[in-house]
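The file final25.cif contains mmCIF, C-alpha atoms and all ligand atoms:
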```
data_protein
loop_
_atom_site.label_atom_id
_atom_site.label_comp_id
_atom_site.auth_asym_id
_atom_site.auth_seq_id
_atom_site.Cartn_x
_atom_site.Cartn_y
_atom_site.Cartn_z
CA MET R 20 -79.30 -85.08 18.71
CA TYR R 21 -77.97 -83.04 21.62
CA PHE R 22 -79.66 -79.73 20.83
CA ASN R 23 -83.42 -79.47 21.28
CA LYS R 24 -85.99 -76.89 22.30
CA ASN R 25 -84.73 -76.93 25.90
CA ASN R 26 -81.18 -76.04 25.07
CA ASN R 27 -81.24 -73.97 21.94
CA PHE R 28 -78.94 -71.34 23.42
CA PHE R 29 -75.16 -71.17 23.79
CA HIS R 30 -73.76 -72.57 27.06
CA GLY R 31 -70.92 -74.43 28.69
CA ILE R 32 -70.66 -78.17 29.25
CA MET R 33 -69.58 -78.91 32.81
CA PHE R 34 -67.24 -81.73 33.81
CA HIS R 35 -65.82 -82.72 37.18
CA HIS R 36 -64.58 -86.27 37.86
CA PHE R 37 -63.05 -88.96 35.65
CA HIS R 38 -61.94 -92.50 36.35
CA ASP R 39 -59.55 -95.02 34.82
CA ASN R 40 -59.83 -97.68 37.51
CA SER R 41 -56.11 -97.62 38.19
CA ILE R 42 -55.16 -94.37 39.94
CA HIS R 43 -58.66 -92.91 39.87
CA LYS R 44 -61.47 -95.17 40.93
CA ASN R 45 -64.96 -95.15 39.50
CA SER R 46 -66.91 -92.75 41.73
CA GLN R 47 -70.29 -91.08 41.85
CA GLY R 48 -70.89 -89.37 38.51
CA SER R 49 -67.37 -89.97 37.17
CA LEU R 50 -66.63 -90.67 33.50
CA ASN R 51 -64.04 -92.80 31.78
CA LYS R 52 -62.16 -91.86 28.64
CA ASP R 53 -64.65 -93.58 26.34
CA ASP R 54 -67.63 -91.82 27.94
CA PHE R 55 -65.85 -88.54 27.34
CA TYR R 56 -65.27 -89.31 23.64
CA LYS R 57 -68.90 -90.37 23.28
CA ILE R 58 -70.27 -87.22 24.89
CA ILE R 59 -68.18 -85.03 22.61
CA ASN R 60 -69.37 -87.05 19.66
CA PHE R 61 -72.99 -86.75 20.72
CA ILE R 62 -72.78 -82.96 21.06
CA GLY R 63 -70.97 -82.85 17.74
CA LYS R 64 -67.40 -81.67 17.56
CA LYS R 65 -68.32 -78.85 15.16
CA ASN R 66 -70.58 -77.37 17.87
CA ILE R 67 -67.78 -77.30 20.45
CA LEU R 68 -65.73 -74.12 20.29
CA ASP R 69 -62.26 -73.62 21.69
CA ALA R 70 -62.43 -71.64 24.91
CA ASN R 71 -60.78 -68.54 23.45
CA LEU R 72 -63.05 -68.54 20.39
CA PHE R 73 -66.12 -69.01 22.60
CA PHE R 74 -65.05 -65.97 24.57
CA GLU R 75 -64.28 -63.85 21.49
CA LYS R 76 -67.62 -64.66 19.89
CA PHE R 77 -69.40 -64.10 23.20
CA LYS R 78 -67.82 -60.67 23.55
CA HIS R 79 -68.97 -59.66 20.11
CA ASN R 80 -72.43 -61.16 20.49
CA LYS R 81 -71.68 -63.66 17.75
CA LEU R 82 -72.35 -66.96 19.51
CA LYS R 83 -74.89 -69.15 17.78
CA GLU R 84 -77.51 -71.10 19.69
CA ASN R 85 -75.85 -74.42 18.97
CA GLU R 86 -72.40 -73.37 20.16
CA VAL R 87 -70.94 -74.67 23.41
CA CYS R 88 -67.60 -74.87 25.17
CA ILE R 89 -66.13 -77.43 27.55
CA THR R 90 -65.41 -76.51 31.16
CA PHE R 91 -63.75 -78.29 34.09
CA ASP R 92 -64.10 -77.26 37.73
CA ASP R 93 -62.09 -77.81 40.91
CA ALA R 94 -58.52 -78.50 39.68
CA ILE R 95 -58.76 -82.23 40.23
CA LYS R 96 -55.93 -84.35 38.92
CA CYS R 97 -58.09 -86.93 37.14
CA GLN R 98 -58.93 -84.21 34.61
CA ILE R 99 -55.25 -83.97 33.68
CA ASP R 100 -54.70 -87.73 33.74
CA ILE R 101 -57.81 -88.78 31.80
CA ALA R 102 -59.58 -85.87 30.08
CA LEU R 103 -56.60 -83.84 28.89
CA PRO R 104 -55.22 -86.52 26.52
CA VAL R 105 -58.66 -86.75 24.89
CA LEU R 106 -58.86 -82.97 24.50
CA GLU R 107 -55.40 -82.92 22.97
CA ASP R 108 -56.25 -85.82 20.65
CA LEU R 109 -59.35 -83.99 19.40
CA LYS R 110 -57.63 -80.59 19.47
CA ILE R 111 -60.24 -78.99 21.72
CA LYS R 112 -59.19 -76.19 24.06
CA SER R 113 -61.22 -75.83 27.24
CA PHE R 114 -61.76 -73.76 30.34
CA PHE R 115 -60.32 -74.99 33.64
CA PHE R 116 -61.74 -73.23 36.69
CA VAL R 117 -59.52 -73.74 39.70
CA TYR R 118 -59.78 -72.87 43.37
CA THR R 119 -56.44 -71.94 44.78
CA SER R 120 -56.15 -73.04 48.42
CA ILE R 121 -54.88 -76.26 46.77
CA PHE R 122 -51.65 -74.50 45.86
CA GLU R 123 -51.10 -73.62 49.50
CA GLY R 124 -51.42 -77.28 50.38
CA LYS R 125 -54.84 -76.66 51.93
CA PRO R 126 -57.52 -77.96 49.60
CA ASP R 127 -61.10 -78.07 50.70
CA ASN R 128 -61.79 -81.37 52.40
CA LEU R 129 -64.43 -82.02 49.74
CA GLU R 130 -62.18 -84.19 47.57
CA PHE R 131 -60.88 -86.17 50.54
CA PHE R 132 -64.47 -86.78 51.58
CA ARG R 133 -65.30 -87.94 48.09
CA TYR R 134 -62.25 -90.21 47.95
CA PHE R 135 -63.25 -91.64 51.30
CA ARG R 136 -66.85 -92.24 50.23
CA THR R 137 -65.70 -93.95 47.05
CA ASN R 138 -62.95 -96.13 48.48
CA TYR R 139 -64.30 -97.09 51.88
CA PHE R 140 -67.96 -97.92 51.17
CA ASN R 141 -69.68 -100.26 48.77
CA SER R 142 -72.24 -97.71 47.72
CA ILE R 143 -73.20 -94.13 48.30
CA GLU R 144 -76.29 -95.31 50.18
CA GLU R 145 -74.09 -97.25 52.59
CA PHE R 146 -72.09 -94.10 53.16
CA TYR R 147 -75.21 -91.97 53.83
CA GLU R 148 -76.47 -94.59 56.27
CA ASN R 149 -73.17 -94.61 58.18
CA PHE R 150 -73.04 -90.85 58.21
CA TYR R 151 -76.53 -90.47 59.69
CA LYS R 152 -75.76 -93.13 62.24
CA ILE R 153 -72.63 -91.35 63.46
CA LEU R 154 -74.36 -87.97 63.38
CA ASP R 155 -77.09 -89.41 65.59
CA LYS R 156 -79.66 -86.63 65.20
CA ASP R 157 -83.38 -86.75 64.53
CA LEU R 158 -83.62 -85.72 60.89
CA LYS R 159 -87.22 -86.72 60.17
CA THR R 160 -88.70 -83.33 61.09
CA PHE R 161 -86.04 -81.55 59.05
CA PHE R 162 -86.74 -83.59 55.93
CA LYS R 163 -90.47 -83.13 56.38
CA LYS R 164 -90.11 -79.37 56.72
CA ASN R 165 -87.99 -79.28 53.57
CA GLN R 166 -90.16 -81.48 51.36
CA LYS R 167 -90.98 -78.63 48.96
CA LYS R 168 -87.38 -77.50 48.81
CA ILE R 169 -86.18 -81.01 47.99
CA LYS R 170 -88.66 -81.17 45.13
CA SER R 171 -87.61 -77.82 43.71
CA ILE R 172 -83.91 -78.71 43.94
CA LYS R 173 -84.61 -81.95 42.11
CA THR R 174 -86.13 -79.93 39.24
CA LYS R 175 -83.17 -77.57 39.13
CA PHE R 176 -80.50 -80.25 39.49
CA PRO R 177 -82.02 -83.37 37.91
CA PHE R 178 -78.66 -85.16 38.04
CA TYR R 179 -78.85 -85.50 41.85
CA SER R 180 -80.85 -88.33 43.41
CA VAL R 181 -83.29 -87.45 46.20
CA GLU R 182 -80.89 -89.09 48.67
CA ASP R 183 -78.05 -86.88 47.37
CA ILE R 184 -80.21 -83.78 47.80
CA LYS R 185 -81.18 -84.75 51.34
CA PHE R 186 -77.55 -85.31 52.25
CA ARG R 187 -76.53 -81.98 50.75
CA LEU R 188 -79.25 -80.18 52.70
CA ILE R 189 -78.03 -81.77 55.91
CA ARG R 190 -74.46 -80.83 55.05
CA ASP R 191 -75.13 -77.28 53.85
CA THR R 192 -78.04 -76.04 55.95
CA PHE R 193 -78.78 -78.36 58.90
CA LEU R 194 -75.16 -78.64 60.04
CA THR R 195 -72.48 -76.03 60.32
CA LYS R 196 -69.39 -76.70 58.22
CA LYS R 197 -67.53 -77.41 61.44
CA LYS R 198 -70.02 -79.98 62.66
CA TYR R 199 -70.16 -81.62 59.24
CA GLU R 200 -66.38 -81.95 59.04
CA GLU R 201 -66.16 -83.23 62.61
CA THR R 202 -68.64 -85.95 61.73
CA MET R 203 -66.64 -86.89 58.65
CA PHE R 204 -63.38 -86.99 60.61
CA LEU R 205 -65.02 -89.30 63.12
CA MET R 206 -65.83 -91.60 60.23
CA PHE R 207 -62.22 -91.33 58.98
CA LYS R 208 -61.05 -92.48 62.36
CA GLU R 209 -63.46 -95.36 62.49
CA LYS R 210 -62.25 -96.61 59.08
CA ARG R 211 -58.60 -95.76 59.80
CA PHE R 212 -58.41 -93.49 56.77
CA ASN R 213 -55.54 -91.02 56.49
CA GLN R 214 -55.89 -88.25 53.93
CA LYS R 215 -52.25 -87.13 54.00
CA ASN R 216 -50.15 -88.17 51.00
CA LEU R 217 -53.21 -87.89 48.77
CA LEU R 218 -52.60 -84.28 47.79
CA LYS R 219 -50.52 -84.97 44.71
CA LYS R 220 -52.72 -87.80 43.60
CA LEU R 221 -55.94 -85.84 43.82
CA PHE R 222 -55.11 -82.25 42.90
CA PHE R 223 -53.41 -80.12 40.26
CA GLN R 224 -49.89 -79.03 41.00
CA LYS R 225 -48.54 -75.66 39.87
CA GLU R 226 -46.85 -77.36 36.92
CA ASP R 227 -50.20 -78.68 35.74
CA LEU R 228 -51.58 -75.18 35.62
CA ASN R 229 -48.65 -74.03 33.52
CA GLU R 230 -48.91 -77.03 31.24
CA LEU R 231 -52.59 -76.35 30.55
CA ASN R 232 -51.85 -72.71 29.92
CA ASN R 233 -48.99 -73.52 27.55
CA LEU R 234 -51.22 -75.91 25.61
CA GLY R 235 -53.71 -73.09 25.00
CA HIS R 236 -56.36 -74.03 27.53
CA ILE R 237 -57.79 -71.20 29.61
CA ILE R 238 -57.45 -71.03 33.38
CA GLY R 239 -60.16 -69.19 35.29
CA LEU R 240 -61.20 -68.41 38.85
CA HIS R 241 -63.28 -70.65 41.11
CA SER R 242 -62.70 -68.86 44.48
CA HIS R 243 -59.87 -69.56 46.94
CA ASN R 244 -61.42 -71.92 49.49
CA HIS R 245 -64.34 -73.25 47.46
CA PRO R 246 -67.08 -72.53 50.04
CA THR R 247 -70.21 -74.57 49.26
CA MET R 248 -72.42 -71.53 49.96
CA LEU R 249 -70.39 -68.53 48.87
CA GLU R 250 -73.55 -66.41 48.79
CA ASN R 251 -73.75 -66.67 52.59
CA LEU R 252 -70.42 -64.89 53.03
CA ASN R 253 -70.37 -61.15 53.60
CA TYR R 254 -69.04 -58.74 50.96
CA GLU R 255 -65.49 -58.58 52.33
CA ASP R 256 -65.13 -62.36 52.64
CA GLN R 257 -66.43 -62.89 49.12
CA LYS R 258 -64.03 -60.25 47.83
CA ASN R 259 -61.15 -62.02 49.57
CA GLU R 260 -62.15 -65.34 48.03
CA TYR R 261 -61.88 -64.00 44.49
CA GLU R 262 -58.98 -61.58 44.96
CA LYS R 263 -56.83 -64.27 46.50
CA CYS R 264 -57.73 -66.71 43.75
CA MET R 265 -56.83 -64.17 41.10
CA ASN R 266 -53.52 -63.24 42.75
CA ILE R 267 -52.40 -66.85 43.03
CA ILE R 268 -53.31 -67.79 39.46
CA SER R 269 -51.67 -64.65 38.14
CA GLU R 270 -48.51 -65.46 40.09
CA ILE R 271 -48.32 -69.14 39.07
CA LEU R 272 -48.90 -68.40 35.39
CA ASN R 273 -46.79 -65.25 35.52
CA LYS R 274 -49.62 -63.44 33.78
CA PRO R 275 -51.00 -59.95 34.50
CA LYS R 276 -54.29 -60.02 36.39
CA HIS R 277 -56.22 -58.16 33.69
CA GLU R 278 -55.66 -61.15 31.38
CA ILE R 279 -57.64 -63.42 33.71
CA LYS R 280 -61.22 -62.71 32.70
CA TYR R 281 -63.05 -65.96 33.27
CA MET R 282 -64.65 -67.75 36.20
CA SER R 283 -67.26 -70.23 37.33
CA HIS R 284 -69.28 -70.03 40.55
CA PRO R 285 -68.34 -72.78 43.07
CA CYS R 286 -71.44 -74.95 43.63
CA GLY R 287 -73.29 -72.39 41.52
CA SER R 288 -73.51 -70.13 44.57
CA TYR R 289 -73.49 -66.33 44.17
CA ASN R 290 -75.52 -63.21 44.91
CA LYS R 291 -75.56 -59.52 43.88
CA ASP R 292 -72.41 -58.82 45.92
CA THR R 293 -70.55 -61.58 44.11
CA LEU R 294 -71.44 -60.19 40.70
CA GLN R 295 -70.36 -56.69 41.77
CA ILE R 296 -67.03 -58.01 43.07
CA LEU R 297 -66.38 -59.98 39.89
CA ASP R 298 -67.21 -56.95 37.76
CA ASP R 299 -64.82 -54.83 39.80
CA LEU R 300 -62.10 -57.44 39.28
CA GLY R 301 -62.62 -57.10 35.53
CA LEU R 302 -64.07 -60.54 34.86
CA GLU R 303 -65.84 -60.75 31.53
CA LEU R 304 -67.28 -64.26 31.41
CA GLY R 305 -68.72 -66.31 34.27
CA PHE R 306 -70.55 -69.62 34.33
CA LYS R 307 -73.25 -70.87 36.67
CA GLN R 308 -74.16 -74.54 36.73
CA ILE R 309 -77.76 -74.78 35.74
CA MET R 310 -79.70 -74.57 32.49
CA GLU R 311 -82.86 -73.03 33.93
CA ILE R 312 -84.18 -69.48 34.20
CA GLU R 313 -84.30 -68.63 37.90
CA VAL R 314 -87.52 -66.66 38.12
CA GLU R 315 -87.13 -66.23 41.89
CA ARG R 316 -83.92 -64.30 41.20
CA GLY R 317 -85.79 -62.05 38.79
CA MET R 318 -84.29 -63.57 35.65
CA ASN R 319 -86.17 -63.57 32.39
CA LYS R 320 -83.58 -65.32 30.28
CA VAL R 321 -81.27 -68.23 30.86
CA ASN R 322 -77.92 -66.54 30.09
CA ASN R 323 -78.89 -63.74 32.43
CA SER R 324 -75.66 -61.73 32.32
CA HIS R 325 -72.03 -62.08 31.25
CA LEU R 326 -71.36 -63.58 34.70
CA GLU R 327 -74.33 -65.96 34.65
CA ILE R 328 -73.89 -68.14 31.58
CA ALA R 329 -75.64 -71.51 31.71
CA ARG R 330 -73.85 -74.84 31.91
CA GLN R 331 -75.10 -78.34 31.25
CA ASP R 332 -73.86 -81.08 33.54
CA HIS R 333 -72.33 -84.02 31.67
CA SER R 334 -74.58 -86.49 33.51
CA GLU R 335 -77.64 -84.91 31.95
CA ILE R 336 -76.11 -85.50 28.50
CA LEU R 337 -75.27 -89.11 29.35
CA LYS R 338 -78.86 -89.68 30.39
CA ARG R 339 -80.11 -88.41 27.06
CA MET R 340 -77.69 -90.61 25.14
CA ASN R 341 -79.03 -93.75 26.76
ZN ZN K 1 -66.40 -76.47 42.22
#
```
So that I can check it, write out the structure of this file as structure tokens.
Ligand SMILES: [Zn+2]
Amino acid sequence: MYFNKNNNFFHGIMFHHFHDNSIHKNSQGSLNKDDFYKIINFIGKKNILDANLFFEKFKHNKLKENEVCITFDDAIKCQIDIALPVLEDLKIKSFFFVYTSIFEGKPDNLEFFRYFRTNYFNSIEEFYENFYKILDKDLKTFFKKNQKKIKSIKTKFPFYSVEDIKFRLIRDTFLTKKKYEETMFLMFKEKRFNQKNLLKKLFFQKEDLNELNNLGHIIGLHSHNHPTMLENLNYEDQKNEYEKCMNIISEILNKPKHEIKYMSHPCGSYNKDTLQILDDLGLELGFKQIMEIEVERGMNKVNNSHLEIARQDHSEILKRMN
């Protein structure tokens, strides 16, 4: 049984990467077609609402505690190649949250980094080891100072390993984005990896967005540049992130902006400014990416507001199935 006392409230199910071992290699946390069928089966197809129905029921306060919807983040091509045929087979309509710098040919380097990690190292541990070696900084004190934080992140995001969390802390707080990317590019060089020509293979094209829309799936915002810590940006920069994203989606789909009412927070990162900006843009449904009540943010319920609806990561479901 998927539903239990810890998740007896409506929420989204969050998916990112898929693999088929031809175009898309098996990578950290990725699913194949069969895994996807099994997860849907485990949740129970009757509990999975089409995206538009989920929204309608949400708006009218009619969602039941065992009702969920399926969501995809980041506009990555493997979702079209592997997950979409399953959705169409089962006649499930989902949310796709896309960041839009992709459509200007400037995706975040995140996916290239992931591709590199997956294709040029035998394991994620080997990658971390290489990264720390090239970075060549004393990290012991930093990890020691952040012991408590690492523990609390592990509780919030149980699907990350401690090594993943440590790496993310180094990437997001110890290093600047610039320094992090420089280190990665040094590694690219060392392994003679060239990320050009991968754009089409890794990311949605404009046609994909239109295809999804025509099939009845719902496209929503996920910022323009996909910053890992959006909450650290000032008000104006955050506003730009979402306005630009909305303008580009509206233009590609040839749809008025007021019809785009849905979003998910990149890396789950937002603050009061973000929520104000999203409200001003007329967004009516937003997803975070955790299932917990964040007491430190002053929350007393899990679906804290229309822009803070909980999502379960697929890896957590997989764990429970096994
Ligand atoms: Zn994302």
Near-ligand residues for ligand ZN 1 (chain K), threshold 7 Å, only C-alpha atoms and all ligand atoms, as a PDB file with C-alpha atoms, keeping the file's coordinate frame:
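Below you can see result-v6.pdb, which holds the result:
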```
ATOM      1  CA  ASP R  92     -64.100 -77.260  37.730  1.00  0.00           C
ATOM      2  CA  ASP R  93     -62.090 -77.810  40.910  1.00  0.00           C
ATOM      3  CA  HIS R 241     -63.280 -70.650  41.110  1.00  0.00           C
ATOM      4  CA  HIS R 245     -64.340 -73.250  47.460  1.00  0.00           C
ATOM      5  CA  PRO R 285     -68.340 -72.780  43.070  1.00  0.00           C
ATOM      6  CA  CYS R 286     -71.440 -74.950  43.630  1.00  0.00           C
TER       7      CYS R 286
END
```
Margin query: Which residue is closest to R:Asn341? Choose from R:Ile101, R:Met206, R:Met20, R:Ile237 and count all atoms listed in the file.
Written below: R:Met20
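Atom CA of R:Gly305 sits 14.9 Å away from atom CA of R:His277.
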Next item on the list: Within 9 Å of R:His36, counting only C-alpha atoms, which residues show up once you throw out same-chain ones fewer than 6 positions away? Write them as an MDAnalysis selection string, please.
Entry: chainID R and resid 46:51 91 95:98
Margin query: List the spatial neighbours of R:Asn26 as JSON, numbers by chain - criterion: any atom at most 12 Å away, all atoms listed in the file, same-chain residues fewer than 2 positions off excluded.
Written below: {"R": [20, 21, 22, 23, 24, 28, 29, 30, 31, 32, 62, 83, 84, 85, 86, 87, 309, 310, 311, 312, 321, 322, 329, 330, 331, 335, 336]}
Stretch 126-134 of chain R surroundings by only C-alpha atoms, 8 Å radius, close-in-sequence under 4 positions cut, as an mmCIF file with C-alpha atoms, in the frame of the given file:
```cif
data_model
loop_
_atom_site.group_PDB
_atom_site.id
_atom_site.type_symbol
_atom_site.label_atom_id
_atom_site.label_comp_id
_atom_site.auth_asym_id
_atom_site.auth_seq_id
_atom_site.Cartn_x
_atom_site.Cartn_y
_atom_site.Cartn_z
ATOM 1 C CA THR R 119 -56.440 -71.940 44.780
ATOM 2 C CA SER R 120 -56.150 -73.040 48.420
ATOM 3 C CA ILE R 121 -54.880 -76.260 46.770
ATOM 4 C CA PHE R 122 -51.650 -74.500 45.860
ATOM 5 C CA ASN R 138 -62.950 -96.130 48.480
ATOM 6 C CA MET R 203 -66.640 -86.890 58.650
ATOM 7 C CA GLN R 214 -55.890 -88.250 53.930
ATOM 8 C CA LEU R 221 -55.940 -85.840 43.820
ATOM 9 C CA ASN R 244 -61.420 -71.920 49.490
ATOM 10 C CA HIS R 245 -64.340 -73.250 47.460
#
```
Note to self: Using all atoms listed in the file for the distances, tell me which of R:Tyr118, R:Phe161, R:Phe135, R:Phe55 is nearest to R:His38.
What the structure shows: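 Result for the nearest residue to R:His38: R:Phe55.
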Place N, CA and C atoms on stretch 243-274 of chain R and deliver the coordinates as a PDB file, keeping the file's coordinate frame.
```pdb
ATOM      1  N   HIS R 243     -61.090 -69.042  46.305  1.00  0.00           N
ATOM      2  CA  HIS R 243     -59.870 -69.560  46.940  1.00  0.00           C
ATOM      3  C   HIS R 243     -60.151 -70.831  47.742  1.00  0.00           C
ATOM      4  N   ASN R 244     -61.151 -70.772  48.601  1.00  0.00           N
ATOM      5  CA  ASN R 244     -61.420 -71.920  49.490  1.00  0.00           C
ATOM      6  C   ASN R 244     -62.540 -72.840  49.031  1.00  0.00           C
ATOM      7  N   HIS R 245     -63.194 -72.484  47.941  1.00  0.00           N
ATOM      8  CA  HIS R 245     -64.340 -73.250  47.460  1.00  0.00           C
ATOM      9  C   HIS R 245     -65.409 -73.457  48.551  1.00  0.00           C
ATOM     10  N   PRO R 246     -65.959 -72.362  49.098  1.00  0.00           N
ATOM     11  CA  PRO R 246     -67.080 -72.530  50.040  1.00  0.00           C
ATOM     12  C   PRO R 246     -68.283 -73.112  49.288  1.00  0.00           C
ATOM     13  N   THR R 247     -69.044 -73.995  49.963  1.00  0.00           N
ATOM     14  CA  THR R 247     -70.210 -74.570  49.260  1.00  0.00           C
ATOM     15  C   THR R 247     -71.333 -73.549  49.124  1.00  0.00           C
ATOM     16  N   MET R 248     -71.386 -72.568  50.056  1.00  0.00           N
ATOM     17  CA  MET R 248     -72.420 -71.530  49.960  1.00  0.00           C
ATOM     18  C   MET R 248     -71.771 -70.158  49.997  1.00  0.00           C
ATOM     19  N   LEU R 249     -71.092 -69.815  48.922  1.00  0.00           N
ATOM     20  CA  LEU R 249     -70.390 -68.530  48.870  1.00  0.00           C
ATOM     21  C   LEU R 249     -71.342 -67.361  49.114  1.00  0.00           C
ATOM     22  N   GLU R 250     -72.590 -67.504  48.657  1.00  0.00           N
ATOM     23  CA  GLU R 250     -73.550 -66.410  48.790  1.00  0.00           C
ATOM     24  C   GLU R 250     -73.859 -66.060  50.246  1.00  0.00           C
ATOM     25  N   ASN R 251     -73.533 -66.971  51.167  1.00  0.00           N
ATOM     26  CA  ASN R 251     -73.750 -66.670  52.590  1.00  0.00           C
ATOM     27  C   ASN R 251     -72.622 -65.868  53.216  1.00  0.00           C
ATOM     28  N   LEU R 252     -71.526 -65.688  52.489  1.00  0.00           N
ATOM     29  CA  LEU R 252     -70.420 -64.890  53.030  1.00  0.00           C
ATOM     30  C   LEU R 252     -70.717 -63.400  52.862  1.00  0.00           C
ATOM     31  N   ASN R 253     -70.169 -62.590  53.753  1.00  0.00           N
ATOM     32  CA  ASN R 253     -70.370 -61.150  53.600  1.00  0.00           C
ATOM     33  C   ASN R 253     -69.482 -60.628  52.461  1.00  0.00           C
ATOM     34  N   TYR R 254     -69.705 -59.356  52.115  1.00  0.00           N
ATOM     35  CA  TYR R 254     -69.040 -58.740  50.960  1.00  0.00           C
ATOM     36  C   TYR R 254     -67.514 -58.887  51.031  1.00  0.00           C
ATOM     37  N   GLU R 255     -66.943 -58.548  52.184  1.00  0.00           N
ATOM     38  CA  GLU R 255     -65.490 -58.580  52.330  1.00  0.00           C
ATOM     39  C   GLU R 255     -64.934 -60.000  52.133  1.00  0.00           C
ATOM     40  N   ASP R 256     -65.605 -60.972  52.751  1.00  0.00           N
ATOM     41  CA  ASP R 256     -65.130 -62.360  52.640  1.00  0.00           C
ATOM     42  C   ASP R 256     -65.229 -62.865  51.202  1.00  0.00           C
ATOM     43  N   GLN R 257     -66.295 -62.499  50.531  1.00  0.00           N
ATOM     44  CA  GLN R 257     -66.430 -62.890  49.120  1.00  0.00           C
ATOM     45  C   GLN R 257     -65.318 -62.261  48.286  1.00  0.00           C
ATOM     46  N   LYS R 258     -65.064 -60.981  48.579  1.00  0.00           N
ATOM     47  CA  LYS R 258     -64.030 -60.250  47.830  1.00  0.00           C
ATOM     48  C   LYS R 258     -62.676 -60.939  48.034  1.00  0.00           C
ATOM     49  N   ASN R 259     -62.395 -61.312  49.281  1.00  0.00           N
ATOM     50  CA  ASN R 259     -61.150 -62.020  49.570  1.00  0.00           C
ATOM     51  C   ASN R 259     -61.049 -63.321  48.788  1.00  0.00           C
ATOM     52  N   GLU R 260     -62.134 -64.054  48.737  1.00  0.00           N
ATOM     53  CA  GLU R 260     -62.150 -65.340  48.030  1.00  0.00           C
ATOM     54  C   GLU R 260     -61.679 -65.160  46.586  1.00  0.00           C
ATOM     55  N   TYR R 261     -62.205 -64.157  45.911  1.00  0.00           N
ATOM     56  CA  TYR R 261     -61.880 -64.000  44.490  1.00  0.00           C
ATOM     57  C   TYR R 261     -60.567 -63.258  44.259  1.00  0.00           C
ATOM     58  N   GLU R 262     -60.254 -62.298  45.117  1.00  0.00           N
ATOM     59  CA  GLU R 262     -58.980 -61.580  44.960  1.00  0.00           C
ATOM     60  C   GLU R 262     -57.804 -62.526  45.160  1.00  0.00           C
ATOM     61  N   LYS R 263     -57.906 -63.344  46.193  1.00  0.00           N
ATOM     62  CA  LYS R 263     -56.830 -64.270  46.500  1.00  0.00           C
ATOM     63  C   LYS R 263     -56.653 -65.263  45.354  1.00  0.00           C
ATOM     64  N   CYS R 264     -57.762 -65.755  44.861  1.00  0.00           N
ATOM     65  CA  CYS R 264     -57.730 -66.710  43.750  1.00  0.00           C
ATOM     66  C   CYS R 264     -57.047 -66.082  42.543  1.00  0.00           C
ATOM     67  N   MET R 265     -57.419 -64.839  42.248  1.00  0.00           N
ATOM     68  CA  MET R 265     -56.830 -64.170  41.100  1.00  0.00           C
ATOM     69  C   MET R 265     -55.336 -63.938  41.293  1.00  0.00           C
ATOM     70  N   ASN R 266     -54.937 -63.492  42.490  1.00  0.00           N
ATOM     71  CA  ASN R 266     -53.520 -63.240  42.750  1.00  0.00           C
ATOM     72  C   ASN R 266     -52.688 -64.499  42.571  1.00  0.00           C
ATOM     73  N   ILE R 267     -53.182 -65.604  43.081  1.00  0.00           N
ATOM     74  CA  ILE R 267     -52.400 -66.850  43.030  1.00  0.00           C
ATOM     75  C   ILE R 267     -52.277 -67.361  41.591  1.00  0.00           C
ATOM     76  N   ILE R 268     -53.376 -67.323  40.848  1.00  0.00           N
ATOM     77  CA  ILE R 268     -53.310 -67.790  39.460  1.00  0.00           C
ATOM     78  C   ILE R 268     -52.371 -66.895  38.648  1.00  0.00           C
ATOM     79  N   SER R 269     -52.506 -65.596  38.860  1.00  0.00           N
ATOM     80  CA  SER R 269     -51.670 -64.650  38.140  1.00  0.00           C
ATOM     81  C   SER R 269     -50.188 -64.906  38.442  1.00  0.00           C
ATOM     82  N   GLU R 270     -49.897 -65.219  39.697  1.00  0.00           N
ATOM     83  CA  GLU R 270     -48.510 -65.460  40.090  1.00  0.00           C
ATOM     84  C   GLU R 270     -47.994 -66.775  39.499  1.00  0.00           C
ATOM     85  N   ILE R 271     -48.777 -67.839  39.580  1.00  0.00           N
ATOM     86  CA  ILE R 271     -48.320 -69.140  39.070  1.00  0.00           C
ATOM     87  C   ILE R 271     -48.092 -69.078  37.560  1.00  0.00           C
ATOM     88  N   LEU R 272     -49.011 -68.434  36.853  1.00  0.00           N
ATOM     89  CA  LEU R 272     -48.900 -68.400  35.390  1.00  0.00           C
ATOM     90  C   LEU R 272     -48.010 -67.256  34.919  1.00  0.00           C
ATOM     91  N   ASN R 273     -47.583 -66.420  35.872  1.00  0.00           N
ATOM     92  CA  ASN R 273     -46.790 -65.250  35.520  1.00  0.00           C
ATOM     93  C   ASN R 273     -47.501 -64.421  34.443  1.00  0.00           C
ATOM     94  N   LYS R 274     -48.736 -64.116  34.739  1.00  0.00           N
ATOM     95  CA  LYS R 274     -49.620 -63.440  33.780  1.00  0.00           C
ATOM     96  C   LYS R 274     -50.255 -62.260  34.490  1.00  0.00           C
TER      97      LYS R 274
END
```
